[in-house]
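Colleague: Coordinates in model.pdb, PDB, C-alpha atoms, are listed below.
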```pdb
ATOM      1  CA  MET H1324     -20.969 -49.465 119.366
ATOM      2  CA  THR H1325     -23.202 -52.104 117.835
ATOM      3  CA  ASN H1326     -24.276 -52.542 114.245
ATOM      4  CA  LYS H1327     -27.942 -52.596 115.236
ATOM      5  CA  ARG H1328     -28.169 -48.842 115.216
ATOM      6  CA  SER H1329     -26.346 -46.089 113.357
ATOM      7  CA  TYR H1330     -25.226 -43.445 115.806
ATOM      8  CA  TYR H1331     -23.759 -41.695 112.762
ATOM      9  CA  LYS H1332     -27.213 -41.212 111.259
ATOM     10  CA  ASP H1333     -28.541 -40.218 114.683
ATOM     11  CA  VAL H1334     -26.016 -37.381 114.830
ATOM     12  CA  LEU H1335     -26.043 -36.145 111.234
ATOM     13  CA  PHE H1336     -29.792 -36.241 110.696
ATOM     14  CA  GLY H1337     -30.445 -35.132 114.268
ATOM     15  CA  VAL H1338     -28.479 -31.930 113.676
ATOM     16  CA  ALA H1339     -29.759 -31.265 110.144
ATOM     17  CA  VAL H1340     -33.462 -31.772 110.843
ATOM     18  CA  GLY H1341     -33.310 -29.466 113.866
ATOM     19  CA  ASP H1342     -31.413 -26.898 111.827
ATOM     20  CA  ALA H1343     -33.920 -27.025 108.952
ATOM     21  CA  LEU H1344     -36.854 -26.607 111.334
ATOM     22  CA  GLY H1345     -35.298 -23.435 112.701
ATOM     23  CA  VAL H1346     -34.108 -21.776 109.484
ATOM     24  CA  PRO H1347     -37.450 -20.209 108.434
ATOM     25  CA  VAL H1348     -37.934 -18.378 111.753
ATOM     26  CA  GLU H1349     -34.372 -17.409 112.662
ATOM     27  CA  PHE H1350     -34.135 -14.015 114.414
ATOM     28  CA  LYS H1351     -37.853 -13.935 115.249
ATOM     29  CA  THR H1352     -38.510 -13.184 118.888
ATOM     30  CA  ARG H1353     -40.054 -15.702 121.244
ATOM     31  CA  SER H1354     -43.196 -13.603 121.572
ATOM     32  CA  VAL H1355     -43.644 -13.305 117.801
ATOM     33  CA  ILE H1356     -43.206 -17.054 117.283
ATOM     34  CA  ALA H1357     -45.631 -17.724 120.163
ATOM     35  CA  GLN H1358     -48.394 -16.154 118.063
ATOM     36  CA  ASN H1359     -47.891 -18.881 115.451
ATOM     37  CA  PRO H1360     -45.724 -21.634 116.956
ATOM     38  CA  VAL H1361     -43.695 -23.909 114.718
ATOM     39  CA  THR H1362     -45.217 -27.400 114.777
ATOM     40  CA  ASP H1363     -43.870 -28.877 111.542
ATOM     41  CA  MET H1364     -41.262 -28.435 108.817
ATOM     42  CA  ILE H1365     -42.023 -25.217 106.976
ATOM     43  CA  GLY H1366     -40.163 -23.212 104.368
ATOM     44  CA  PHE H1367     -39.333 -19.703 103.185
ATOM     45  CA  GLY H1368     -39.538 -17.206 106.037
ATOM     46  CA  THR H1369     -36.270 -15.546 107.076
ATOM     47  CA  TYR H1370     -34.110 -16.680 104.137
ATOM     48  CA  GLY H1371     -36.736 -17.570 101.539
ATOM     49  CA  GLN H1372     -35.502 -21.167 101.419
ATOM     50  CA  PRO H1373     -37.699 -24.194 100.565
ATOM     51  CA  PRO H1374     -38.717 -26.595 103.360
ATOM     52  CA  GLY H1375     -35.958 -28.952 104.451
ATOM     53  CA  THR H1376     -33.131 -26.474 103.866
ATOM     54  CA  TRP H1377     -30.395 -26.561 106.465
ATOM     55  CA  SER H1378     -27.876 -23.800 107.131
ATOM     56  CA  ASP H1379     -24.251 -23.271 108.127
ATOM     57  CA  ASP H1380     -24.766 -25.302 111.307
ATOM     58  CA  SER H1381     -25.242 -28.503 109.314
ATOM     59  CA  SER H1382     -22.864 -27.536 106.501
ATOM     60  CA  LEU H1383     -19.926 -27.213 108.888
ATOM     61  CA  THR H1384     -21.030 -30.322 110.787
ATOM     62  CA  PHE H1385     -20.891 -32.232 107.495
ATOM     63  CA  CYS H1386     -17.544 -30.684 106.571
ATOM     64  CA  LEU H1387     -16.090 -31.952 109.843
ATOM     65  CA  ALA H1388     -17.684 -35.379 109.433
ATOM     66  CA  ASP H1389     -16.469 -35.637 105.837
ATOM     67  CA  VAL H1390     -12.842 -35.176 106.880
ATOM     68  CA  LEU H1391     -13.203 -37.450 109.921
ATOM     69  CA  ALA H1392     -14.490 -40.218 107.648
ATOM     70  CA  ASP H1393     -10.911 -40.359 106.305
ATOM     71  CA  GLY H1394      -9.232 -39.660 109.654
ATOM     72  CA  TYR H1395      -8.368 -36.726 111.894
ATOM     73  CA  ASP H1396      -6.483 -33.903 110.189
ATOM     74  CA  LEU H1397      -6.906 -30.395 111.625
ATOM     75  CA  GLN H1398      -5.650 -28.621 108.512
ATOM     76  CA  LYS H1399      -8.033 -30.571 106.295
ATOM     77  CA  ILE H1400     -10.930 -29.713 108.603
ATOM     78  CA  ALA H1401     -10.038 -26.029 108.386
ATOM     79  CA  ASN H1402      -9.643 -26.256 104.612
ATOM     80  CA  SER H1403     -13.058 -27.892 104.309
ATOM     81  CA  PHE H1404     -14.617 -24.922 106.091
ATOM     82  CA  ALA H1405     -13.023 -22.622 103.507
ATOM     83  CA  GLU H1406     -14.309 -24.833 100.686
ATOM     84  CA  TRP H1407     -17.790 -24.462 102.129
ATOM     85  CA  LEU H1408     -17.621 -20.668 102.364
ATOM     86  CA  TYR H1409     -15.947 -19.989  99.026
ATOM     87  CA  ASP H1410     -16.857 -23.008  96.878
ATOM     88  CA  GLU H1411     -20.303 -23.906  98.292
ATOM     89  CA  GLN H1412     -19.158 -27.401  99.346
ATOM     90  CA  TRP H1413     -21.667 -29.089 101.652
ATOM     91  CA  THR H1414     -24.329 -26.445 101.168
ATOM     92  CA  ALA H1415     -27.961 -27.550 101.156
ATOM     93  CA  ARG H1416     -28.843 -26.058  97.768
ATOM     94  CA  GLY H1417     -25.645 -24.664  96.272
ATOM     95  CA  GLU H1418     -25.428 -21.376  98.159
ATOM     96  CA  VAL H1419     -24.154 -20.079 101.481
ATOM     97  CA  PHE H1420     -26.959 -17.963 102.906
ATOM     98  CA  ASP H1421     -25.954 -17.748 106.569
ATOM     99  CA  VAL H1422     -22.509 -17.383 108.133
ATOM    100  CA  GLY H1423     -21.461 -16.042 111.521
ATOM    101  CA  ILE H1424     -19.154 -13.048 111.726
ATOM    102  CA  ALA H1425     -16.529 -14.868 113.839
ATOM    103  CA  THR H1426     -16.632 -17.938 111.613
ATOM    104  CA  ARG H1427     -16.166 -15.894 108.444
ATOM    105  CA  ALA H1428     -13.254 -13.975 109.968
ATOM    106  CA  ALA H1429     -11.578 -17.207 111.094
ATOM    107  CA  ILE H1430     -11.968 -18.817 107.674
ATOM    108  CA  GLU H1431     -10.436 -15.746 106.070
ATOM    109  CA  ARG H1432      -7.441 -16.182 108.382
ATOM    110  CA  ILE H1433      -7.206 -19.838 107.384
ATOM    111  CA  VAL H1434      -7.094 -18.851 103.714
ATOM    112  CA  HIS H1435      -4.242 -16.488 104.593
ATOM    113  CA  LYS H1436      -2.317 -19.461 106.059
ATOM    114  CA  VAL H1437      -2.912 -18.840 109.753
ATOM    115  CA  ARG H1438      -2.460 -22.110 111.658
ATOM    116  CA  PRO H1439      -5.895 -23.744 112.165
ATOM    117  CA  ASP H1440      -5.716 -23.905 115.968
ATOM    118  CA  LEU H1441      -4.854 -20.187 116.018
ATOM    119  CA  ALA H1442      -7.431 -19.017 113.470
ATOM    120  CA  GLY H1443     -10.393 -18.543 115.786
ATOM    121  CA  GLY H1444     -10.905 -15.529 118.000
ATOM    122  CA  PHE H1445      -9.415 -15.782 121.493
ATOM    123  CA  ASP H1446     -10.979 -12.677 123.050
ATOM    124  CA  GLU H1447     -13.978 -12.819 125.365
ATOM    125  CA  SER H1448     -16.271 -11.274 122.758
ATOM    126  CA  SER H1449     -15.584 -14.236 120.442
ATOM    127  CA  ASN H1450     -17.965 -16.599 122.204
ATOM    128  CA  GLY H1451     -20.741 -17.085 119.708
ATOM    129  CA  ASN H1452     -22.068 -20.594 119.160
ATOM    130  CA  GLY H1453     -20.224 -21.185 115.881
ATOM    131  CA  SER H1454     -17.965 -23.993 117.092
ATOM    132  CA  LEU H1455     -20.573 -25.660 119.308
ATOM    133  CA  MET H1456     -23.027 -25.973 116.423
ATOM    134  CA  ARG H1457     -20.652 -28.058 114.272
ATOM    135  CA  ILE H1458     -18.625 -30.066 116.818
ATOM    136  CA  LEU H1459     -20.733 -33.202 117.348
ATOM    137  CA  PRO H1460     -19.167 -35.567 114.747
ATOM    138  CA  LEU H1461     -15.894 -35.237 116.653
ATOM    139  CA  LEU H1462     -17.524 -37.623 119.135
ATOM    140  CA  PHE H1463     -16.668 -40.589 116.947
ATOM    141  CA  TYR H1464     -12.964 -39.772 116.840
ATOM    142  CA  ILE H1465     -12.510 -39.010 120.554
ATOM    143  CA  LYS H1466     -14.933 -41.493 122.158
ATOM    144  CA  ASP H1467     -12.324 -44.061 123.209
ATOM    145  CA  LYS H1468      -9.584 -41.612 124.231
ATOM    146  CA  PRO H1469      -8.765 -40.538 127.820
ATOM    147  CA  VAL H1470     -10.438 -37.366 129.065
ATOM    148  CA  LYS H1471      -7.341 -35.123 128.866
ATOM    149  CA  GLU H1472      -6.829 -36.074 125.256
ATOM    150  CA  ARG H1473     -10.528 -35.571 124.504
ATOM    151  CA  PHE H1474     -10.330 -32.048 125.908
ATOM    152  CA  ALA H1475      -7.159 -31.238 123.968
ATOM    153  CA  ILE H1476      -8.674 -32.375 120.668
ATOM    154  CA  VAL H1477     -11.932 -30.518 121.320
ATOM    155  CA  LYS H1478      -9.862 -27.392 122.002
ATOM    156  CA  GLU H1479      -8.082 -27.754 118.667
ATOM    157  CA  VAL H1480     -11.253 -28.224 116.647
ATOM    158  CA  SER H1481     -13.190 -25.468 118.415
ATOM    159  CA  SER H1482     -10.256 -23.080 117.980
ATOM    160  CA  ILE H1483     -10.457 -23.224 114.187
ATOM    161  CA  THR H1484     -13.226 -20.650 114.572
ATOM    162  CA  HIS H1485     -13.624 -20.071 118.335
ATOM    163  CA  GLY H1486     -10.499 -20.250 120.488
ATOM    164  CA  HIS H1487     -11.664 -18.719 123.776
ATOM    165  CA  VAL H1488     -11.734 -21.176 126.676
ATOM    166  CA  ARG H1489     -15.467 -20.567 127.218
ATOM    167  CA  SER H1490     -16.314 -21.889 123.774
ATOM    168  CA  VAL H1491     -13.942 -24.802 124.322
ATOM    169  CA  ILE H1492     -15.592 -25.744 127.630
ATOM    170  CA  ALA H1493     -19.044 -25.540 126.022
ATOM    171  CA  CYS H1494     -17.968 -27.861 123.208
ATOM    172  CA  PHE H1495     -16.311 -30.225 125.683
ATOM    173  CA  TYR H1496     -19.397 -30.383 127.911
ATOM    174  CA  TYR H1497     -21.623 -31.037 124.894
ATOM    175  CA  LEU H1498     -19.433 -33.859 123.633
ATOM    176  CA  GLU H1499     -19.116 -35.413 127.079
ATOM    177  CA  PHE H1500     -22.916 -35.411 127.284
ATOM    178  CA  ALA H1501     -23.101 -37.031 123.848
ATOM    179  CA  LEU H1502     -20.520 -39.617 124.855
ATOM    180  CA  LYS H1503     -22.685 -40.737 127.790
ATOM    181  CA  LEU H1504     -25.731 -41.002 125.517
ATOM    182  CA  LEU H1505     -23.963 -43.722 123.534
ATOM    183  CA  THR H1506     -24.420 -46.078 126.487
ATOM    184  CA  ASN H1507     -27.233 -44.581 128.585
ATOM    185  CA  ASN H1508     -30.693 -43.478 127.450
ATOM    186  CA  ASP H1509     -31.707 -41.845 130.729
ATOM    187  CA  ALA H1510     -30.980 -38.186 130.036
ATOM    188  CA  ILE H1511     -31.347 -37.055 133.652
ATOM    189  CA  VAL H1512     -28.860 -39.666 134.852
ATOM    190  CA  VAL H1513     -26.504 -38.650 132.035
ATOM    191  CA  TYR H1514     -26.867 -34.999 133.044
ATOM    192  CA  ARG H1515     -25.929 -35.726 136.669
ATOM    193  CA  GLU H1516     -22.962 -37.886 135.714
ATOM    194  CA  VAL H1517     -21.646 -35.383 133.180
ATOM    195  CA  ASN H1518     -21.917 -32.560 135.697
ATOM    196  CA  MET H1519     -19.858 -34.431 138.273
ATOM    197  CA  GLU H1520     -17.220 -35.602 135.839
ATOM    198  CA  VAL H1521     -16.849 -32.363 133.874
ATOM    199  CA  ALA H1522     -16.721 -30.256 137.050
ATOM    200  CA  SER H1523     -14.064 -32.554 138.514
ATOM    201  CA  PHE H1524     -12.005 -32.460 135.325
ATOM    202  CA  LEU H1525     -12.184 -28.675 134.919
ATOM    203  CA  LYS H1526     -11.151 -28.065 138.521
ATOM    204  CA  GLY H1527      -8.016 -30.094 137.855
ATOM    205  CA  THR H1528      -6.955 -27.865 134.962
ATOM    206  CA  THR H1529      -5.336 -24.437 134.917
ATOM    207  CA  ILE H1530      -8.544 -22.793 133.674
ATOM    208  CA  ILE H1531      -9.378 -19.838 135.897
ATOM    209  CA  HIS H1532     -12.229 -20.354 138.346
ATOM    210  CA  ASP H1533     -14.273 -17.438 137.014
ATOM    211  CA  GLU H1534     -14.594 -19.133 133.616
ATOM    212  CA  ILE H1535     -15.678 -22.443 135.130
ATOM    213  CA  ALA H1536     -18.160 -20.617 137.388
ATOM    214  CA  LEU H1537     -19.999 -19.312 134.319
ATOM    215  CA  PHE H1538     -21.192 -22.894 133.789
ATOM    216  CA  ASP H1539     -22.665 -23.215 137.292
ATOM    217  CA  ARG H1540     -26.297 -23.240 136.076
ATOM    218  CA  LEU H1541     -25.416 -26.454 134.272
ATOM    219  CA  LEU H1542     -22.774 -27.932 136.550
ATOM    220  CA  GLU H1543     -24.161 -27.053 139.973
ATOM    221  CA  GLY H1544     -27.866 -26.587 139.368
ATOM    222  CA  ASN H1545     -30.774 -28.423 137.829
ATOM    223  CA  ILE H1546     -31.152 -26.643 134.509
ATOM    224  CA  HIS H1547     -34.317 -28.599 133.670
ATOM    225  CA  GLU H1548     -36.123 -27.134 136.670
ATOM    226  CA  LEU H1549     -35.801 -23.573 135.404
ATOM    227  CA  PRO H1550     -38.854 -21.908 133.821
ATOM    228  CA  VAL H1551     -38.708 -20.988 130.141
ATOM    229  CA  ASN H1552     -38.267 -17.281 130.900
ATOM    230  CA  LYS H1553     -34.904 -18.096 132.474
ATOM    231  CA  ILE H1554     -33.639 -19.771 129.293
ATOM    232  CA  GLN H1555     -32.010 -17.538 126.691
ATOM    233  CA  SER H1556     -31.688 -18.556 123.047
ATOM    234  CA  GLY H1557     -29.499 -16.025 121.313
ATOM    235  CA  GLY H1558     -26.147 -16.616 119.670
ATOM    236  CA  TYR H1559     -23.988 -16.677 122.827
ATOM    237  CA  VAL H1560     -22.399 -20.102 123.217
ATOM    238  CA  LEU H1561     -23.347 -20.606 126.858
ATOM    239  CA  ASN H1562     -26.975 -19.679 126.184
ATOM    240  CA  THR H1563     -27.151 -22.159 123.319
ATOM    241  CA  LEU H1564     -25.662 -24.973 125.377
ATOM    242  CA  GLU H1565     -27.988 -24.315 128.311
ATOM    243  CA  ALA H1566     -31.031 -24.082 126.029
ATOM    244  CA  ALA H1567     -30.174 -27.344 124.270
ATOM    245  CA  ILE H1568     -29.722 -29.283 127.520
ATOM    246  CA  TRP H1569     -32.917 -27.707 128.906
ATOM    247  CA  CYS H1570     -34.917 -28.685 125.804
ATOM    248  CA  LEU H1571     -33.562 -32.228 125.926
ATOM    249  CA  LEU H1572     -34.314 -32.702 129.631
ATOM    250  CA  THR H1573     -37.832 -31.213 129.544
ATOM    251  CA  THR H1574     -39.199 -33.272 126.634
ATOM    252  CA  THR H1575     -39.783 -36.962 125.920
ATOM    253  CA  ASN H1576     -39.068 -37.425 122.197
ATOM    254  CA  TYR H1577     -37.067 -35.992 119.311
ATOM    255  CA  SER H1578     -39.774 -33.844 117.757
ATOM    256  CA  GLU H1579     -40.788 -32.296 121.093
ATOM    257  CA  ALA H1580     -37.177 -31.418 121.863
ATOM    258  CA  VAL H1581     -36.343 -29.714 118.574
ATOM    259  CA  LEU H1582     -39.690 -27.925 118.277
ATOM    260  CA  LYS H1583     -39.271 -26.613 121.818
ATOM    261  CA  ALA H1584     -35.833 -25.312 120.782
ATOM    262  CA  VAL H1585     -37.198 -23.588 117.674
ATOM    263  CA  ASN H1586     -40.047 -21.972 119.576
ATOM    264  CA  LEU H1587     -37.595 -20.371 122.010
ATOM    265  CA  GLY H1588     -36.948 -17.884 119.205
ATOM    266  CA  PHE H1589     -33.906 -15.830 118.156
ATOM    267  CA  ASP H1590     -31.085 -18.190 117.044
ATOM    268  CA  THR H1591     -33.633 -20.865 116.214
ATOM    269  CA  ASP H1592     -31.645 -22.942 113.734
ATOM    270  CA  THR H1593     -28.563 -23.302 115.925
ATOM    271  CA  THR H1594     -30.460 -23.959 119.152
ATOM    272  CA  ALA H1595     -32.464 -26.663 117.379
ATOM    273  CA  ALA H1596     -29.402 -28.115 115.633
ATOM    274  CA  VAL H1597     -27.482 -28.428 118.916
ATOM    275  CA  THR H1598     -30.569 -29.854 120.632
ATOM    276  CA  GLY H1599     -31.250 -32.127 117.669
ATOM    277  CA  GLY H1600     -27.820 -33.700 117.753
ATOM    278  CA  LEU H1601     -28.296 -34.867 121.337
ATOM    279  CA  ALA H1602     -31.947 -35.803 120.779
ATOM    280  CA  GLY H1603     -30.885 -37.869 117.770
ATOM    281  CA  LEU H1604     -28.476 -39.792 119.977
ATOM    282  CA  LEU H1605     -31.013 -40.174 122.781
ATOM    283  CA  TYR H1606     -33.945 -41.381 120.694
ATOM    284  CA  GLY H1607     -32.334 -42.657 117.494
ATOM    285  CA  PHE H1608     -32.736 -41.836 113.817
ATOM    286  CA  GLU H1609     -35.816 -44.060 113.559
ATOM    287  CA  ARG H1610     -37.648 -41.762 115.994
ATOM    288  CA  ILE H1611     -37.114 -38.653 113.878
ATOM    289  CA  PRO H1612     -40.422 -38.024 112.043
ATOM    290  CA  GLU H1613     -40.082 -39.640 108.622
ATOM    291  CA  HIS H1614     -41.700 -36.792 106.693
ATOM    292  CA  TRP H1615     -39.086 -34.405 108.101
ATOM    293  CA  VAL H1616     -36.284 -36.654 106.881
ATOM    294  CA  LEU H1617     -37.885 -37.153 103.456
ATOM    295  CA  ILE H1618     -38.120 -33.411 102.800
ATOM    296  CA  LEU H1619     -34.549 -32.741 103.954
ATOM    297  CA  ALA H1620     -32.136 -31.365 101.349
ATOM    298  CA  ARG H1621     -29.443 -33.846 100.214
ATOM    299  CA  LYS H1622     -30.719 -36.660 102.429
ATOM    300  CA  LYS H1623     -28.947 -39.295 100.295
ATOM    301  CA  ASP H1624     -25.638 -37.445 100.617
ATOM    302  CA  ILE H1625     -26.116 -37.242 104.396
ATOM    303  CA  ASP H1626     -26.926 -40.949 104.516
ATOM    304  CA  ASP H1627     -23.817 -41.747 102.454
ATOM    305  CA  LEU H1628     -21.690 -39.635 104.807
ATOM    306  CA  ALA H1629     -23.075 -41.542 107.797
ATOM    307  CA  LYS H1630     -22.128 -44.817 106.098
ATOM    308  CA  ARG H1631     -18.587 -43.559 105.478
ATOM    309  CA  LEU H1632     -18.254 -42.657 109.159
ATOM    310  CA  ALA H1633     -19.563 -46.081 110.120
ATOM    311  CA  ASP H1634     -17.077 -47.780 107.782
ATOM    312  CA  LYS H1635     -14.240 -45.823 109.392
ATOM    313  CA  TYR H1636     -15.142 -45.968 113.081
ATOM    314  CA  GLU H1637     -16.841 -49.341 113.333
ATOM    315  CA  ARG H1638     -13.723 -50.844 111.740
ATOM    316  CA  ASP H1639     -11.302 -48.853 113.903
TER     317      ASP H1639
END
```
The structure given in the file should be rewritten as structure tokens.
Modeller:
Amino acid sequence: MTNKRSYYKDVLFGVAVGDALGVPVEFKTRSVIAQNPVTDMIGFGTYGQPPGTWSDDSSLTFCLADVLADGYDLQKIANSFAEWLYDEQWTARGEVFDVGIATRAAIERIVHKVRPDLAGGFDESSNGNGSLMRILPLLFYIKDKPVKERFAIVKEVSSITHGHVRSVIACFYYLEFALKLLTNNDAIVVYREVNMEVASFLKGTTIIHDEIALFDRLLEGNIHELPVNKIQSGGYVLNTLEAAIWCLLTTTNYSEAVLKAVNLGFDTDTTAAVTGGLAGLLYGFERIPEHWVLILARKKDIDDLAKRLADKYERD
């Protein structure tokens, strides 16, 4: 990485701005939002929060980043999630107003001394998007490691809240995409390269074929060629990953990408946060609309966290 640009700000603000755009309309259907599409940062709505308020997606992203700024420690990452839920650490405005069922259950297990990599649900029904939404800062720790080690670390960090292999693959794919964006700003080329490399890697593992096949719309197809009615945007991890890649590949700037994600409806904050993380990397912090950044809750704290990450990983 160079010092000319802060990929740390790209990631942290990219996630948080997308998240905050989606918070006021979370759970609204696509057809309802279509009657009054989101075109700017608004407030209140679903949770009654002021404009610029981000949710659990960003909170847990910042928790992970905060620990990584001192080094990788799985137990400390898990503990930081508990500090968020029970002590309001890394909340936008001093309260937790949104938490997924699987994430809450996993954090409760952590508090009861379950090992972090065993705390998340391992059954097929435990494949919400709760680990995908917070995983992106892990990029900076794993970026220079070999692919097998990258996968193993992603598995550990996902499993704090979501241990099923499907969630792990989704997180791995997302981070591999992000990794390519550090050195290539052609998203379509990145998409093709990631598909080849991830498919090749997964086929060399012991993961059952049926699980890998669930990712065929990404790995074997051209997700960006699908019409909007084929893109789902609920809380299922695979839907969120597909929607984020689709939004990124069918737009030409940060604001278009995250607004497209929000206007898909349903799990608007998470879809936009996951999209926003990649769009931040693709276009850079400077291309995020300034008035969105200025209204963002705790922007100085986020900026300081980005600097701490830079101090750690530029030096290392």
Colleague: (-39.5, -33.8, 119.9) in this file's frame - what residues fall within 12 Å of it? Use only C-alpha atoms and give the answer as a ChimeraX atom specification.
Modeller: /H:1337,1340-1341,1344,1361-1363,1570-1586,1595,1598-1603,1605-1607,1610-1612,1615
Colleague: Counting only C-alpha atoms, find residues at most 8 Å from (-30.1, -25.5, 106.9) (file frame) and give them as a list of chain:residue names.
Modeller: H:Ala1339, H:Asp1342, H:Ala1343, H:Val1346, H:Gly1375, H:Thr1376, H:Trp1377, H:Ser1378, H:Asp1379, H:Asp1380, H:Ser1381, H:Ser1382, H:Ala1415, H:Asp1592
Colleague: Keeping only C-alpha atoms, write the selected residues to a file as a CSV table (one decimal), in the frame of the given file.
Modeller:
```csv
chain,number,residue,atom,x,y,z
H,1339,ALA,CA,-29.8,-31.3,110.1
H,1342,ASP,CA,-31.4,-26.9,111.8
H,1343,ALA,CA,-33.9,-27.0,109.0
H,1346,VAL,CA,-34.1,-21.8,109.5
H,1375,GLY,CA,-36.0,-29.0,104.5
H,1376,THR,CA,-33.1,-26.5,103.9
H,1377,TRP,CA,-30.4,-26.6,106.5
H,1378,SER,CA,-27.9,-23.8,107.1
H,1379,ASP,CA,-24.3,-23.3,108.1
H,1380,ASP,CA,-24.8,-25.3,111.3
H,1381,SER,CA,-25.2,-28.5,109.3
H,1382,SER,CA,-22.9,-27.5,106.5
H,1415,ALA,CA,-28.0,-27.6,101.2
H,1592,ASP,CA,-31.6,-22.9,113.7
```
Colleague: In Å, rounded to a single decimal, give me how far atom CA of Trp1569 of chain H is from atom CA of Asn1518 of chain H.
Modeller: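 Value for the atom CA of Asn1518 of chain H-atom CA of Trp1569 of chain H distance: 13.8 Å.
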Colleague: Which residue, H:Asn1452, H:Val1470, H:Val1597, H:His1547, has the smallest gap to Ser1523 of chain H when you use all atoms listed in the file?
Modeller: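 Among H:Asn1452, H:Val1470, H:Val1597, H:His1547, it is H:Val1470 that comes nearest to Ser1523 of chain H.
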Colleague: Where does the PyMOL selection byres ((chain H and resi 1435-1449) around 6) land in this file, that is, which residues does it pick, as a list of chain:residue names?
Modeller: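 Matching residues under the PyMOL selection byres ((chain H and resi 1435-1449) around 6) are H:Ala1429, H:Arg1432, H:Ile1433, H:Val1434, H:Asn1450, H:Gly1451, H:Glu1479, H:Ser1482, H:Ile1483, H:Thr1484, H:His1485, H:Gly1486, H:His1487.
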Colleague: I'd like to know which of H:Arg1427, H:Ser1403, H:Tyr1464, H:Arg1328 is closest to Tyr1636 of chain H, using all atoms listed in the file.
Modeller: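 Result for the nearest residue to Tyr1636 of chain H: H:Tyr1464.
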Colleague: Do you have the atom CA of Asn1402 of chain H-atom CA of Ile1458 of chain H distance handy?
Modeller: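 Calculated distance between atom CA of Asn1402 of chain H and atom CA of Ile1458 of chain H is 15.6 Å.
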Colleague: Nearest to Ile1424 of chain H among H:Val1334, H:Ala1392, H:Phe1385, H:Gly1558, with distances taken over all atoms listed in the file: which residue is it?
Modeller: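 Smallest distance to Ile1424 of chain H is found for H:Gly1558.
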Colleague: Using all atoms listed in the file, which of H:Ile1465, H:Val1348, H:Leu1561, H:Arg1457 sits nearest Leu1537 of chain H?
Modeller: H:Leu1561
Colleague: Could you check which of H:Phe1538, H:Tyr1559, H:Phe1336, H:Phe1474 is closest to Phe1524 of chain H, using all atoms listed in the file?
Modeller: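 For Phe1524 of chain H, the nearest of the candidates is H:Phe1474.
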Colleague: Using the chain letters and residue numbers of this document, give as a CSV table (one decimal) with C-alpha atoms, in the frame of the given file the residues selected by the PyMOL selection byres ((chain H and resi 1506-1511) around 9).
Modeller:
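File written: selection_15.csv
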```csv
chain,number,residue,atom,x,y,z
H,1324,MET,CA,-21.0,-49.5,119.4
H,1500,PHE,CA,-22.9,-35.4,127.3
H,1502,LEU,CA,-20.5,-39.6,124.9
H,1503,LYS,CA,-22.7,-40.7,127.8
H,1504,LEU,CA,-25.7,-41.0,125.5
H,1505,LEU,CA,-24.0,-43.7,123.5
H,1512,VAL,CA,-28.9,-39.7,134.9
H,1513,VAL,CA,-26.5,-38.6,132.0
H,1514,TYR,CA,-26.9,-35.0,133.0
H,1515,ARG,CA,-25.9,-35.7,136.7
H,1516,GLU,CA,-23.0,-37.9,135.7
H,1547,HIS,CA,-34.3,-28.6,133.7
H,1571,LEU,CA,-33.6,-32.2,125.9
H,1572,LEU,CA,-34.3,-32.7,129.6
H,1604,LEU,CA,-28.5,-39.8,120.0
H,1605,LEU,CA,-31.0,-40.2,122.8
H,1606,TYR,CA,-33.9,-41.4,120.7
```
Colleague: Smallest atom-to-atom distance to Ile1400 of chain H: which of H:Ala1629, H:Ile1546, H:Leu1335, H:Leu1461, using only C-alpha atoms?
Modeller: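 So, comparing all the options, the nearest one is H:Leu1461.
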Colleague: Could you tell me which residues the PyMOL selection byres ((chain H and resi 1495) around 9) grabs in this file, written as a list of chain:residue names?
Modeller: H:Leu1455, H:Arg1473, H:Phe1474, H:Val1477, H:Lys1478, H:Ser1490, H:Val1491, H:Ile1492, H:Ala1493, H:Cys1494, H:Tyr1496, H:Tyr1497, H:Leu1498, H:Glu1499, H:Phe1500, H:Val1521
Colleague: May I ask for the distance between atom CA of Phe1463 of chain H and atom CA of Thr1426 of chain H, given in Å to one decimal place?
Modeller: 23.3 Å
Colleague: As JSON, please report the centre and edge lengths, rounded to one decimal in Å, of the axis-aligned box that holds all listed atoms of segment 1556-1560 of chain H with 5 Å of padding on each of the six sides.
Modeller:
```
{"center_x": -27.0, "center_y": -18.1, "center_z": 121.4, "size_x": 19.3, "size_y": 14.1, "size_z": 13.5}
```
Colleague: Using all atoms listed in the file, determine which residues lie at most 10 Å from segment 1526-1534 of chain H, disregarding the query and same-chain residues fewer than 6 positions distant; provide the list as number ranges by chain.
Modeller: H: 1471, 1488-1489, 1492
Colleague: Please fill the gaps in segment 1502-1507 of chain H so it has N, CA and C atoms, and write that as an mmCIF file, keeping the file's coordinate frame.
Modeller:
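Writing the result to part38.cif gives the following:
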```cif
data_model
loop_
_atom_site.group_PDB
_atom_site.id
_atom_site.type_symbol
_atom_site.label_atom_id
_atom_site.label_comp_id
_atom_site.auth_asym_id
_atom_site.auth_seq_id
_atom_site.Cartn_x
_atom_site.Cartn_y
_atom_site.Cartn_z
ATOM 1 N N LEU H 1502 -21.247 -38.376 124.605
ATOM 2 C CA LEU H 1502 -20.520 -39.617 124.855
ATOM 3 C C LEU H 1502 -21.301 -40.539 125.800
ATOM 4 N N LYS H 1503 -21.880 -39.949 126.836
ATOM 5 C CA LYS H 1503 -22.685 -40.737 127.790
ATOM 6 C C LYS H 1503 -23.942 -41.307 127.125
ATOM 7 N N LEU H 1504 -24.506 -40.548 126.177
ATOM 8 C CA LEU H 1504 -25.731 -41.002 125.517
ATOM 9 C C LEU H 1504 -25.502 -42.232 124.640
ATOM 10 N N LEU H 1505 -24.252 -42.513 124.311
ATOM 11 C CA LEU H 1505 -23.963 -43.722 123.534
ATOM 12 C C LEU H 1505 -24.261 -44.989 124.330
ATOM 13 N N THR H 1506 -24.246 -44.887 125.651
ATOM 14 C CA THR H 1506 -24.420 -46.078 126.487
ATOM 15 C C THR H 1506 -25.524 -45.941 127.531
ATOM 16 N N ASN H 1507 -26.202 -44.798 127.573
ATOM 17 C CA ASN H 1507 -27.233 -44.581 128.585
ATOM 18 C C ASN H 1507 -28.352 -43.732 127.995
#
```
